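K.L.:
Pasting structure15.pdb here (PDB, C-alpha atoms and all ligand atoms):
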ATOM      1  CA  MET A 127       0.000   0.000   0.000
ATOM      2  CA  GLU A 128       2.762   2.490   0.898
ATOM      3  CA  ARG A 129       4.469   1.800  -2.431
ATOM      4  CA  LEU A 130       1.208   2.653  -4.167
ATOM      5  CA  LEU A 131       0.808   5.902  -2.191
ATOM      6  CA  ASN A 132       4.342   7.026  -3.060
ATOM      7  CA  LYS A 133       3.823   6.088  -6.710
ATOM      8  CA  LEU A 134       0.685   8.222  -6.870
ATOM      9  CA  ILE A 135       2.476  11.148  -5.233
ATOM     10  CA  GLU A 136       5.312  10.898  -7.787
ATOM     11  CA  ARG A 137       2.877  10.557 -10.673
ATOM     12  CA  ASN A 138       0.840  13.614  -9.739
ATOM     13  CA  LYS A 139       3.359  16.007  -8.230
ATOM     14  CA  TYR A 140       3.789  17.942 -11.508
ATOM     15  CA  LEU A 141       0.231  19.226 -10.959
ATOM     16  CA  THR A 142       1.199  21.413  -8.020
ATOM     17  CA  LYS A 143       2.471  24.048 -10.443
ATOM     18  CA  TYR A 144      -1.036  24.470 -11.849
ATOM     19  CA  GLY A 145      -2.562  25.238  -8.456
ATOM     20  CA  LYS A 146      -2.359  28.188  -6.110
ATOM     21  CA  VAL A 147      -2.010  28.381  -2.338
ATOM     22  CA  ALA A 148      -4.962  30.236  -0.746
ATOM     23  CA  ASP A 149      -3.955  33.668   0.434
ATOM     24  CA  TYR A 150      -7.294  35.367   1.124
ATOM     25  CA  ILE A 151      -6.472  34.339   4.679
ATOM     26  CA  PRO A 152      -2.992  35.890   4.617
ATOM     27  CA  ALA A 153      -1.327  33.381   7.005
ATOM     28  CA  LEU A 154      -2.238  30.475   4.685
ATOM     29  CA  GLY A 155      -0.014  32.044   2.021
ATOM     30  CA  ASN A 156       3.081  30.714   3.847
ATOM     31  CA  ALA A 157       2.399  27.071   2.852
ATOM     32  CA  ASN A 158       4.754  25.293   0.436
ATOM     33  CA  PRO A 159       2.723  24.557  -2.726
ATOM     34  CA  GLN A 160       4.888  21.516  -3.468
ATOM     35  CA  ASP A 161       3.987  19.625  -0.286
ATOM     36  CA  ILE A 162       2.010  16.415  -0.816
ATOM     37  CA  GLY A 163       1.035  13.947   1.889
ATOM     38  CA  VAL A 164      -1.318  10.967   2.150
ATOM     39  CA  CYS A 165      -2.479   8.666   4.936
ATOM     40  CA  ILE A 166      -4.913   5.762   4.789
ATOM     41  CA  MET A 167      -6.307   4.096   7.893
ATOM     42  CA  ASP A 168      -8.160   0.823   7.491
ATOM     43  CA  ILE A 169     -10.948  -0.654   9.543
ATOM     44  CA  ASP A 170      -8.472  -2.602  11.718
ATOM     45  CA  GLY A 171      -6.790   0.668  12.666
ATOM     46  CA  ASP A 172      -3.656   0.026  10.552
ATOM     47  CA  ILE A 173      -2.185   3.077   8.875
ATOM     48  CA  TYR A 174      -0.288   3.554   5.617
ATOM     49  CA  THR A 175       1.470   6.809   4.814
ATOM     50  CA  GLY A 176       3.241   8.583   1.973
ATOM     51  CA  GLY A 177       5.097  11.862   1.329
ATOM     52  CA  ASP A 178       4.542  14.799   3.688
ATOM     53  CA  TYR A 179       1.923  12.930   5.716
ATOM     54  CA  ASN A 180       3.107  14.451   8.995
ATOM     55  CA  LYS A 181       3.199  18.104   7.842
ATOM     56  CA  LYS A 182       0.833  20.217   9.898
ATOM     57  CA  PHE A 183      -1.850  22.376   8.301
ATOM     58  CA  THR A 184      -5.113  23.943   9.433
ATOM     59  CA  ILE A 185      -8.266  21.900   9.050
ATOM     60  CA  GLN A 186     -10.347  24.814   7.659
ATOM     61  CA  SER A 187     -13.619  23.666   6.072
ATOM     62  CA  ILE A 188     -13.110  20.033   7.022
ATOM     63  CA  SER A 189     -14.094  21.202  10.535
ATOM     64  CA  LYS A 190     -17.591  21.709   9.105
ATOM     65  CA  ILE A 191     -18.084  17.948   9.455
ATOM     66  CA  ILE A 192     -17.251  18.101  13.153
ATOM     67  CA  SER A 193     -19.490  21.092  13.899
ATOM     68  CA  LEU A 194     -22.347  19.415  12.022
ATOM     69  CA  MET A 195     -21.925  16.206  14.046
ATOM     70  CA  LEU A 196     -21.854  18.119  17.317
ATOM     71  CA  ALA A 197     -24.826  20.323  16.396
ATOM     72  CA  ILE A 198     -26.883  17.200  15.584
ATOM     73  CA  MET A 199     -25.795  15.532  18.831
ATOM     74  CA  ASP A 200     -26.727  18.649  20.810
ATOM     75  CA  LYS A 201     -29.895  19.792  19.068
ATOM     76  CA  GLY A 202     -31.133  16.800  17.071
ATOM     77  CA  GLU A 203     -31.437  16.361  13.308
ATOM     78  CA  GLU A 204     -34.772  18.111  13.014
ATOM     79  CA  GLU A 205     -33.746  21.319  14.790
ATOM     80  CA  VAL A 206     -30.481  21.573  12.833
ATOM     81  CA  PHE A 207     -32.076  21.112   9.424
ATOM     82  CA  LYS A 208     -34.721  23.696  10.215
ATOM     83  CA  LYS A 209     -31.902  26.244  10.026
ATOM     84  CA  VAL A 210     -29.672  24.785   7.316
ATOM     85  CA  GLY A 211     -30.583  22.829   4.177
ATOM     86  CA  MET A 212     -29.299  19.564   2.670
ATOM     87  CA  GLU A 213     -28.934  20.616  -0.945
ATOM     88  CA  PRO A 214     -25.822  21.128  -3.069
ATOM     89  CA  THR A 215     -24.925  24.560  -4.430
ATOM     90  CA  VAL A 216     -23.614  25.880  -7.706
ATOM     91  CA  GLU A 217     -22.134  28.952  -5.983
ATOM     92  CA  PRO A 218     -18.648  29.099  -4.444
ATOM     93  CA  PHE A 219     -18.318  28.095  -0.757
ATOM     94  CA  SER A 220     -18.109  31.687   0.478
ATOM     95  CA  SER A 221     -21.094  33.013  -1.458
ATOM     96  CA  LEU A 222     -23.760  34.974   0.358
ATOM     97  CA  TYR A 223     -25.919  36.214  -2.457
ATOM     98  CA  LYS A 224     -28.634  33.535  -2.209
ATOM     99  CA  LEU A 225     -29.016  34.208   1.494
ATOM    100  CA  ASP A 226     -30.178  37.693   0.672
ATOM    101  CA  LEU A 227     -33.018  36.482  -1.549
ATOM    102  CA  SER A 228     -36.324  36.722   0.287
ATOM    103  CA  HIS A 229     -37.522  33.241  -0.780
ATOM    104  CA  CYS A 230     -34.271  31.671   0.412
ATOM    105  CA  GLU A 231     -34.948  30.790   4.031
ATOM    106  CA  LYS A 232     -31.656  29.237   5.080
ATOM    107  CA  PRO A 233     -28.150  28.311   3.825
ATOM    108  CA  SER A 234     -28.278  25.520   1.241
ATOM    109  CA  ASN A 235     -26.131  23.049   3.201
ATOM    110  CA  PRO A 236     -23.763  22.776   6.196
ATOM    111  CA  MET A 237     -20.608  22.417   4.064
ATOM    112  CA  ILE A 238     -20.546  26.009   2.791
ATOM    113  CA  ASN A 239     -19.473  28.887   5.036
ATOM    114  CA  SER A 240     -22.979  30.208   5.732
ATOM    115  CA  GLY A 241     -24.263  26.748   6.673
ATOM    116  CA  ALA A 242     -21.278  26.045   8.888
ATOM    117  CA  ILE A 243     -21.637  29.327  10.783
ATOM    118  CA  VAL A 244     -25.173  28.160  11.590
ATOM    119  CA  THR A 245     -24.057  24.706  12.797
ATOM    120  CA  THR A 246     -21.309  26.260  14.919
ATOM    121  CA  SER A 247     -23.894  28.550  16.519
ATOM    122  CA  LEU A 248     -26.007  25.489  17.388
ATOM    123  CA  ILE A 249     -23.280  23.794  19.433
ATOM    124  CA  GLU A 250     -24.212  23.897  23.122
ATOM    125  CA  GLY A 251     -22.132  26.071  25.435
ATOM    126  CA  LYS A 252     -21.584  29.712  26.272
ATOM    127  CA  GLY A 253     -18.831  31.581  24.423
ATOM    128  CA  GLU A 254     -15.527  29.702  24.444
ATOM    129  CA  GLU A 255     -17.221  26.554  25.774
ATOM    130  CA  LYS A 256     -18.563  25.769  22.280
ATOM    131  CA  PHE A 257     -15.025  25.658  20.909
ATOM    132  CA  ASN A 258     -13.695  23.675  23.884
ATOM    133  CA  ARG A 259     -16.392  21.060  23.358
ATOM    134  CA  LEU A 260     -15.608  20.830  19.641
ATOM    135  CA  LEU A 261     -11.877  20.425  20.343
ATOM    136  CA  LYS A 262     -12.556  17.813  23.043
ATOM    137  CA  PHE A 263     -14.809  15.871  20.672
ATOM    138  CA  MET A 264     -12.094  15.897  17.996
ATOM    139  CA  LYS A 265      -9.475  14.749  20.505
ATOM    140  CA  LYS A 266     -11.698  11.781  21.371
ATOM    141  CA  ILE A 267     -12.326  10.928  17.732
ATOM    142  CA  ILE A 268      -8.629  10.818  16.875
ATOM    143  CA  LEU A 269      -7.342   9.748  20.305
ATOM    144  CA  LYS A 270      -4.872  12.613  20.481
ATOM    145  CA  ASP A 271      -4.502  14.928  23.424
ATOM    146  CA  ASN A 272      -2.224  17.596  22.013
ATOM    147  CA  LEU A 273      -4.581  18.981  19.433
ATOM    148  CA  ASN A 274      -4.933  22.759  19.251
ATOM    149  CA  TYR A 275      -5.552  25.680  16.959
ATOM    150  CA  ASN A 276      -2.924  27.715  15.156
ATOM    151  CA  LYS A 277      -3.031  31.225  16.644
ATOM    152  CA  GLU A 278      -1.421  32.932  13.658
ATOM    153  CA  VAL A 279      -3.975  31.516  11.195
ATOM    154  CA  TYR A 280      -6.851  32.200  13.581
ATOM    155  CA  LEU A 281      -5.846  35.840  14.091
ATOM    156  CA  SER A 282      -5.210  36.267  10.389
ATOM    157  CA  GLU A 283      -8.740  35.127   9.512
ATOM    158  CA  LYS A 284     -10.305  37.003  12.421
ATOM    159  CA  GLU A 285      -8.703  40.186  11.136
ATOM    160  CA  THR A 286      -9.564  39.726   7.461
ATOM    161  CA  GLY A 287     -12.755  37.616   7.494
ATOM    162  CA  TYR A 288     -15.018  40.428   6.262
ATOM    163  CA  LYS A 289     -17.081  38.191   4.023
ATOM    164  CA  ASN A 290     -17.778  35.654   6.765
ATOM    165  CA  ARG A 291     -18.692  38.604   8.961
ATOM    166  CA  ALA A 292     -21.171  39.800   6.315
ATOM    167  CA  ILE A 293     -22.623  36.276   6.095
ATOM    168  CA  ALA A 294     -22.969  35.983   9.872
ATOM    169  CA  TYR A 295     -24.732  39.342  10.237
ATOM    170  CA  LEU A 296     -27.107  38.376   7.439
ATOM    171  CA  LEU A 297     -27.813  35.082   9.228
ATOM    172  CA  LYS A 298     -28.533  37.022  12.395
ATOM    173  CA  GLN A 299     -30.872  39.400  10.551
ATOM    174  CA  LYS A 300     -32.748  36.373   9.152
ATOM    175  CA  GLY A 301     -33.100  34.897  12.648
ATOM    176  CA  LEU A 302     -30.946  31.870  11.831
ATOM    177  CA  ILE A 303     -28.363  32.373  14.548
ATOM    178  CA  GLU A 304     -28.837  33.295  18.181
ATOM    179  CA  GLY A 305     -26.441  35.131  20.448
ATOM    180  CA  ASN A 306     -23.549  37.467  19.800
ATOM    181  CA  VAL A 307     -22.439  37.377  16.157
ATOM    182  CA  GLU A 308     -18.781  38.201  16.873
ATOM    183  CA  ASN A 309     -18.576  35.426  19.481
ATOM    184  CA  ILE A 310     -19.957  32.876  17.020
ATOM    185  CA  LEU A 311     -17.520  34.032  14.325
ATOM    186  CA  ASP A 312     -14.700  33.739  16.836
ATOM    187  CA  ILE A 313     -15.551  30.054  17.454
ATOM    188  CA  TYR A 314     -15.881  29.464  13.692
ATOM    189  CA  PHE A 315     -12.454  31.025  12.985
ATOM    190  CA  LYS A 316     -10.893  28.982  15.794
ATOM    191  CA  GLN A 317     -12.394  25.682  14.626
ATOM    192  CA  CYS A 318     -11.083  26.361  11.086
ATOM    193  CA  SER A 319      -7.597  26.958  12.526
ATOM    194  CA  ILE A 320      -7.256  23.617  14.326
ATOM    195  CA  GLU A 321      -3.940  22.082  13.274
ATOM    196  CA  VAL A 322      -3.953  18.556  11.881
ATOM    197  CA  ASP A 323      -1.898  16.270   9.661
ATOM    198  CA  CYS A 324      -2.919  13.545   7.201
ATOM    199  CA  ILE A 325      -2.992  10.914   9.950
ATOM    200  CA  ASP A 326      -5.491  12.986  11.958
ATOM    201  CA  LEU A 327      -7.727  13.347   8.897
ATOM    202  CA  ALA A 328      -7.549   9.624   8.159
ATOM    203  CA  LYS A 329      -8.573   8.942  11.768
ATOM    204  CA  ILE A 330     -11.620  11.213  11.497
ATOM    205  CA  GLY A 331     -12.389   9.478   8.195
ATOM    206  CA  ILE A 332     -12.249   5.971   9.640
ATOM    207  CA  PHE A 333     -14.389   7.091  12.595
ATOM    208  CA  ILE A 334     -17.122   8.047  10.132
ATOM    209  CA  ALA A 335     -16.473   5.018   7.883
ATOM    210  CA  ASN A 336     -16.822   2.814  10.968
ATOM    211  CA  LYS A 337     -20.229   4.271  11.933
ATOM    212  CA  CYS A 338     -18.905   6.710  14.543
ATOM    213  CA  LYS A 339     -16.490   4.387  16.331
ATOM    214  CA  ASN A 340     -12.721   4.694  16.515
ATOM    215  CA  PRO A 341     -11.546   1.212  15.415
ATOM    216  CA  LYS A 342      -8.905   1.148  18.174
ATOM    217  CA  SER A 343     -10.810   2.397  21.231
ATOM    218  CA  LYS A 344     -14.200   1.132  19.964
ATOM    219  CA  GLU A 345     -15.731   3.871  22.117
ATOM    220  CA  VAL A 346     -19.089   4.940  20.696
ATOM    221  CA  LEU A 347     -19.048   8.742  20.714
ATOM    222  CA  CYS A 348     -22.305   9.340  18.910
ATOM    223  CA  ASP A 349     -25.209   7.557  17.314
ATOM    224  CA  GLU A 350     -24.254   5.751  14.097
ATOM    225  CA  LYS A 351     -27.193   7.540  12.448
ATOM    226  CA  ILE A 352     -24.964  10.618  12.381
ATOM    227  CA  ALA A 353     -22.570   8.862   9.970
ATOM    228  CA  SER A 354     -25.513   8.133   7.704
ATOM    229  CA  ILE A 355     -26.269  11.873   7.567
ATOM    230  CA  ILE A 356     -22.662  13.059   7.208
ATOM    231  CA  ILE A 357     -21.725  10.621   4.408
ATOM    232  CA  PRO A 358     -24.406  11.706   1.906
ATOM    233  CA  ILE A 359     -23.820  15.366   2.737
ATOM    234  CA  MET A 360     -20.096  14.902   2.054
ATOM    235  CA  THR A 361     -20.942  13.127  -1.214
ATOM    236  CA  THR A 362     -23.281  15.810  -2.504
ATOM    237  CA  CYS A 363     -21.784  18.974  -0.974
ATOM    238  CA  GLY A 364     -18.279  18.220   0.398
ATOM    239  CA  MET A 365     -16.319  19.413  -2.635
ATOM    240  CA  TYR A 366     -18.541  22.473  -3.110
ATOM    241  CA  ASN A 367     -19.651  23.244  -6.651
ATOM    242  CA  PHE A 368     -17.312  20.507  -7.923
ATOM    243  CA  SER A 369     -19.109  17.770  -5.944
ATOM    244  CA  GLY A 370     -20.906  16.282  -8.982
ATOM    245  CA  GLU A 371     -17.837  15.835 -11.173
ATOM    246  CA  TYR A 372     -15.902  14.615  -8.137
ATOM    247  CA  ALA A 373     -18.575  11.993  -7.397
ATOM    248  CA  ILE A 374     -18.313  10.680 -10.953
ATOM    249  CA  ASN A 375     -14.506  10.643 -11.119
ATOM    250  CA  VAL A 376     -13.644   9.710  -7.521
ATOM    251  CA  GLY A 377     -16.862   8.431  -5.988
ATOM    252  CA  ILE A 378     -15.620   8.679  -2.394
ATOM    253  CA  PRO A 379     -17.522  10.890   0.100
ATOM    254  CA  SER A 380     -15.022  13.697   0.800
ATOM    255  CA  LYS A 381     -14.607  17.114   2.365
ATOM    256  CA  SER A 382     -11.951  19.624   1.424
ATOM    257  CA  GLY A 383     -10.379  22.555   3.246
ATOM    258  CA  VAL A 384      -8.803  25.659   1.818
ATOM    259  CA  ALA A 385      -5.448  24.944   3.528
ATOM    260  CA  GLY A 386      -5.135  21.940   1.182
ATOM    261  CA  GLY A 387      -6.571  19.036   3.149
ATOM    262  CA  ILE A 388      -9.088  16.513   1.850
ATOM    263  CA  LEU A 389     -10.748  14.006   4.153
ATOM    264  CA  ALA A 390     -12.266  10.991   2.400
ATOM    265  CA  VAL A 391     -14.493   8.242   3.786
ATOM    266  CA  VAL A 392     -14.857   4.813   2.211
ATOM    267  CA  PRO A 393     -17.775   3.394   4.229
ATOM    268  CA  GLY A 394     -16.843   0.239   6.135
ATOM    269  CA  ARG A 395     -13.298   0.256   4.725
ATOM    270  CA  TYR A 396     -10.999   3.281   4.892
ATOM    271  CA  GLY A 397     -10.460   6.779   6.224
ATOM    272  CA  ILE A 398      -8.143   8.808   4.011
ATOM    273  CA  GLY A 399      -6.335  12.110   4.625
ATOM    274  CA  VAL A 400      -4.611  13.934   1.771
ATOM    275  CA  TYR A 401      -2.668  17.203   1.879
ATOM    276  CA  GLY A 402      -1.557  19.463  -0.953
ATOM    277  CA  PRO A 403      -1.932  23.223  -0.437
ATOM    278  CA  ALA A 404      -1.923  24.158  -4.132
ATOM    279  CA  LEU A 405      -5.633  24.591  -4.912
ATOM    280  CA  ASP A 406      -7.776  24.579  -8.014
ATOM    281  CA  GLY A 407     -10.354  27.243  -8.809
ATOM    282  CA  TYR A 408     -13.000  25.612  -6.619
ATOM    283  CA  GLY A 409     -10.777  25.767  -3.534
ATOM    284  CA  ASN A 410      -9.969  22.036  -3.569
ATOM    285  CA  SER A 411      -6.422  20.600  -3.443
ATOM    286  CA  ILE A 412      -5.422  20.140  -7.076
ATOM    287  CA  VAL A 413      -3.105  17.212  -6.435
ATOM    288  CA  GLY A 414      -5.323  15.818  -3.661
ATOM    289  CA  TYR A 415      -8.129  15.409  -6.167
ATOM    290  CA  GLU A 416      -5.969  13.573  -8.691
ATOM    291  CA  ILE A 417      -4.436  11.297  -6.043
ATOM    292  CA  LEU A 418      -7.888  10.361  -4.758
ATOM    293  CA  LYS A 419      -9.056   9.772  -8.323
ATOM    294  CA  ASP A 420      -6.130   7.398  -8.951
ATOM    295  CA  LEU A 421      -6.524   5.699  -5.566
ATOM    296  CA  SER A 422     -10.199   5.156  -6.227
ATOM    297  CA  LYS A 423      -9.387   3.436  -9.524
ATOM    298  CA  GLU A 424      -6.480   1.359  -8.207
ATOM    299  CA  LEU A 425      -8.331   0.092  -5.114
ATOM    300  CA  ASN A 426     -11.839   0.159  -6.549
ATOM    301  CA  LEU A 427     -13.121   2.558  -3.897
ATOM    302  CA  SER A 428     -15.972   4.358  -5.636
ATOM    303  CA  ILE A 429     -19.235   3.875  -3.768
ATOM    304  CA  PHE A 430     -21.033   4.118  -7.098
ATOM    305  CA  LYS A 431     -19.337   1.200  -8.846
TER     306      LYS A 431
HETATM  307  O1  LIG A 501     -14.243  30.487   6.201
HETATM  308  C1  LIG A 501     -13.335  30.355   5.391
HETATM  309  O2  LIG A 501     -13.328  30.935   4.313
HETATM  310  C2  LIG A 501     -12.218  29.403   5.751
HETATM  311  N1  LIG A 501     -11.929  29.455   7.138
HETATM  312  C3  LIG A 501     -12.578  27.993   5.383
HETATM  313  C4  LIG A 501     -12.963  27.835   3.925
HETATM  314  C5  LIG A 501     -12.600  26.530   3.341
HETATM  315  O3  LIG A 501     -11.805  25.770   3.842
HETATM  316  C6  LIG A 501     -13.184  26.248   2.038
HETATM  317  N2  LIG A 501     -12.434  25.212   1.395
HETATM  318  N3  LIG A 501     -12.150  24.761   0.444
END
Starting from the coordinates I provided, produce the structure as structure tokens.

P.N.:
Amino acid sequence: MERLLNKLIERNKYLTKYGKVADYIPALGNANPQDIGVCIMDIDGDIYTGGDYNKKFTIQSISKIISLMLAIMDKGEEEVFKKVGMEPTVEPFSSLYKLDLSHCEKPSNPMINSGAIVTTSLIEGKGEEKFNRLLKFMKKIILKDNLNYNKEVYLSEKETGYKNRAIAYLLKQKGLIEGNVENILDIYFKQCSIEVDCIDLAKIGIFIANKCKNPKSKEVLCDEKIASIIIPIMTTCGMYNFSGEYAINVGIPSKSGVAGGILAVVPGRYGIGVYGPALDGYGNSIVGYEILKDLSKELNLSIFK
């Protein structure tokens, strides 16, 4: 398996020159566009790694999976989906224009920024407690105690996140979030800045693939029903307005982050973490996509085949 991972990294590394590191959050601009890492964890808890698998990066939008899980655990499926939809979008992940249409009651889905700000607001806890609960939940999922957020990236987004601020105030005006808008944004920026590596992503992936159980600890952290909500949402919305083409070419429920991570879930089989900070125009890792496409073919991982 590790030979295969390294072969796929070698085969696809030329692509990094066609992508671009995100710099709308200035601190993300420091990443090396040539980095590529992969980790696969199987259902027995065995891991296989390749390339820069232990490079640290911020989780960014992949945290939207965690806040959705926690919001459902805290408030229940019905309450959550009253305030955020389940439908894919054709707009970019940071778009707010639909939210301002009077017939559009709520964000289309929890994988875009507007939807995720809603799910973050639904996590139980006052102020900082929401974030502490999210971090604690993640630590339990990946069995790692020294997980934390990257202050530089957090402050960088907090300072420059004008569009997310506009989205959050619009959500407040529409009655979709309760409480202090700046406090909710603060939790959202912190959750996006949590530092992970490919192994951490693979562990979150296998937790979902294994119906919400870490294969090593076997501790049940939430109802397996949650996996059956997260997996279809990842499939239809996880790669933003590229989710359809991705489903055809890769066929693995996935979620990307703008720092270059992709978390992929092969139900009942694998959790996969890929890192490559050079992004395509949709905000997805350019090399991460191609590696997952190749992996899917080589190991027959598409859920549609
Ligand atoms: O809110 C933002 O714009 C970032 N913190 C996260 C966006 C993101 O990761 C989208 N990914 N492809």

K.L.:
Return as CSV the residues of chain A lying at most 10 Å from ligand LIG 501 (chain A), together with the closest atom-to-atom pair for each and the distance in Å to one decimal, counting only C-alpha atoms and all ligand atoms, with rows in chain order and ascending residue number.

P.N.:
residue,atom,partner,partner_atom,distance
A:Ala148,CA,A:LIG501,N3,9.1
A:Tyr150,CA,A:LIG501,O2,8.1
A:Ile151,CA,A:LIG501,C2,7.7
A:Thr184,CA,A:LIG501,O3,8.9
A:Ile185,CA,A:LIG501,O3,7.4
A:Gln186,CA,A:LIG501,O3,4.2
A:Ser187,CA,A:LIG501,O3,3.6
A:Ile188,CA,A:LIG501,O3,6.7
A:Ser189,CA,A:LIG501,O3,8.4
A:Lys190,CA,A:LIG501,O3,8.8
A:Pro218,CA,A:LIG501,C6,8.9
A:Phe219,CA,A:LIG501,C6,6.1
A:Ser220,CA,A:LIG501,O2,6.2
A:Ser221,CA,A:LIG501,O2,9.9
A:Met237,CA,A:LIG501,C6,8.6
A:Ile238,CA,A:LIG501,C6,7.4
A:Asn239,CA,A:LIG501,O1,5.6
A:Ser240,CA,A:LIG501,O1,8.8
A:Ala242,CA,A:LIG501,O1,8.7
A:Ile243,CA,A:LIG501,O1,8.8
A:Val279,CA,A:LIG501,N1,9.2
A:Tyr280,CA,A:LIG501,N1,8.7
A:Glu283,CA,A:LIG501,N1,6.9
A:Lys284,CA,A:LIG501,N1,9.4
A:Gly287,CA,A:LIG501,O1,7.4
A:Tyr288,CA,A:LIG501,O2,9.8
A:Lys289,CA,A:LIG501,O2,8.2
A:Asn290,CA,A:LIG501,O1,6.3
A:Arg291,CA,A:LIG501,O1,9.7
A:Leu311,CA,A:LIG501,O1,9.5
A:Tyr314,CA,A:LIG501,N1,7.7
A:Phe315,CA,A:LIG501,N1,6.1
A:Lys316,CA,A:LIG501,N1,8.7
A:Gln317,CA,A:LIG501,N1,8.4
A:Cys318,CA,A:LIG501,N1,5.1
A:Ser319,CA,A:LIG501,N1,7.4
A:Gly364,CA,A:LIG501,N3,9.0
A:Met365,CA,A:LIG501,N3,7.4
A:Tyr366,CA,A:LIG501,N3,7.7
A:Lys381,CA,A:LIG501,N3,8.3
A:Ser382,CA,A:LIG501,N3,5.2
A:Gly383,CA,A:LIG501,O3,3.6
A:Val384,CA,A:LIG501,O3,3.6
A:Ala385,CA,A:LIG501,O3,6.4
A:Gly386,CA,A:LIG501,N3,7.6
A:Gly387,CA,A:LIG501,N3,8.4
A:Ile388,CA,A:LIG501,N3,8.9
A:Leu405,CA,A:LIG501,N3,8.4
A:Asp406,CA,A:LIG501,N3,9.5
A:Gly407,CA,A:LIG501,N3,9.7
A:Tyr408,CA,A:LIG501,N3,7.2
A:Gly409,CA,A:LIG501,N3,4.3
A:Asn410,CA,A:LIG501,N3,5.3
A:Ser411,CA,A:LIG501,N3,8.1

K.L.:
Would you write out, as a Markdown table, a table of all residues in region 292-335 of chain A that have an atom no more than 12 Å from an atom of region 340-358 of chain A, listing for each the closest atom pair and the distance in Å to one decimal, considering all atoms listed in the file and ordering rows by chain and rising residue number?

P.N.:
| residue | atom | partner | partner_atom | distance |
| --- | --- | --- | --- | --- |
| A:Asp326 | CA | A:Asn340 | CA | 11.9 |
| A:Ala328 | CA | A:Asn340 | CA | 11.0 |
| A:Lys329 | CA | A:Asn340 | CA | 7.6 |
| A:Ile330 | CA | A:Asn340 | CA | 8.3 |
| A:Gly331 | CA | A:Asn340 | CA | 9.6 |
| A:Ile332 | CA | A:Asn340 | CA | 7.0 |
| A:Phe333 | CA | A:Asn340 | CA | 4.9 |
| A:Ile334 | CA | A:Ala353 | CA | 5.5 |
| A:Ala335 | CA | A:Ala353 | CA | 7.5 |

K.L.:
List the residues matched by the PyMOL selection byres (((chain A and resi 420) around 10) and not hetatm) in the displayed structure as an MDAnalysis selection string, ordered by chain and then by residue number.

P.N.:
chainID A and resid 130:131 134 137:138 375:376 414:419 421:427

K.L.:
Pick the closest to Asp168 (chain A) from A:Tyr372, A:Tyr140, A:Tyr396, A:Tyr223: which is it, counting all atoms listed in the file?

P.N.:
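Of the candidates, the smallest distance to Asp168 (chain A) is held by A:Tyr396.
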
K.L.:
Can you translate the PyMOL selection byres (((chain A and resi 210) around 8) and not hetatm) into the concrete residues it hits in this file, as an MDAnalysis selection string?

P.N.:
chainID A and resid 206:209 211:212 232:236 241 244:245

K.L.:
If the PyMOL selection byres (((chain A and resi 265) around 12) and not hetatm) is run on the structure shown, which residues does it catch, given as a PyMOL selection string?

P.N.:
chain A and resi 192+258-264+266-274+320-322+326-327+329-330+340+347

K.L.:
Report, in Å to a single decimal, how far apart CA of Thr246 (chain A) and CA of Asn309 (chain A) are.

P.N.:
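We find that CA of Asn309 (chain A) and CA of Thr246 (chain A) lie 10.6 Å from each other.
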
K.L.:
If the box runs along x, y and z of the file and leaves 6 Å on each side of region 197-205 of chain A, what are its centre and edge lengths in Å, one decimal, as JSON?

P.N.:
{"center_x": -29.8, "center_y": 18.4, "center_z": 16.9, "size_x": 21.9, "size_y": 17.8, "size_z": 19.8}

K.L.:
Considering all atoms listed in the file, state which residue in the set A:Gly253, A:Gly163, A:Pro152, A:Gly176 is at the smallest distance from Met127 (chain A).

P.N.:
A:Gly176

K.L.:
Determine the nearest neighbour of Ile135 (chain A) from the options A:Arg395, A:Ile166, A:Asn276, A:Asp178, counting only C-alpha atoms.

P.N.:
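Result for the nearest residue to Ile135 (chain A): A:Asp178.
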
K.L.:
Between CA of Gly377 (chain A) and CA of Leu154 (chain A), what is the distance in Å, rounded to a tenth?

P.N.:
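Interatomic distance, CA of Gly377 (chain A) to CA of Leu154 (chain A): 28.5 Å.
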
K.L.:
Counting only C-alpha atoms, which of A:Val391, A:Ala157, A:Leu296, A:Met360 gets nearest to Leu227 (chain A)?

P.N.:
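Ranking A:Val391, A:Ala157, A:Leu296, A:Met360 by distance to Leu227 (chain A), first place goes to A:Leu296.
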
K.L.:
Hey, which of A:Asp226, A:Asp170, A:Glu250, A:Glu285 ends up closest to Leu297 (chain A)? Count all atoms listed in the file.

P.N.:
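The closest residue to Leu297 (chain A) is A:Asp226.
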
K.L.:
At what distance in Å, to one decimal, does CA of Lys143 (chain A) lie from CA of Asn158 (chain A)?

P.N.:
11.2 Å
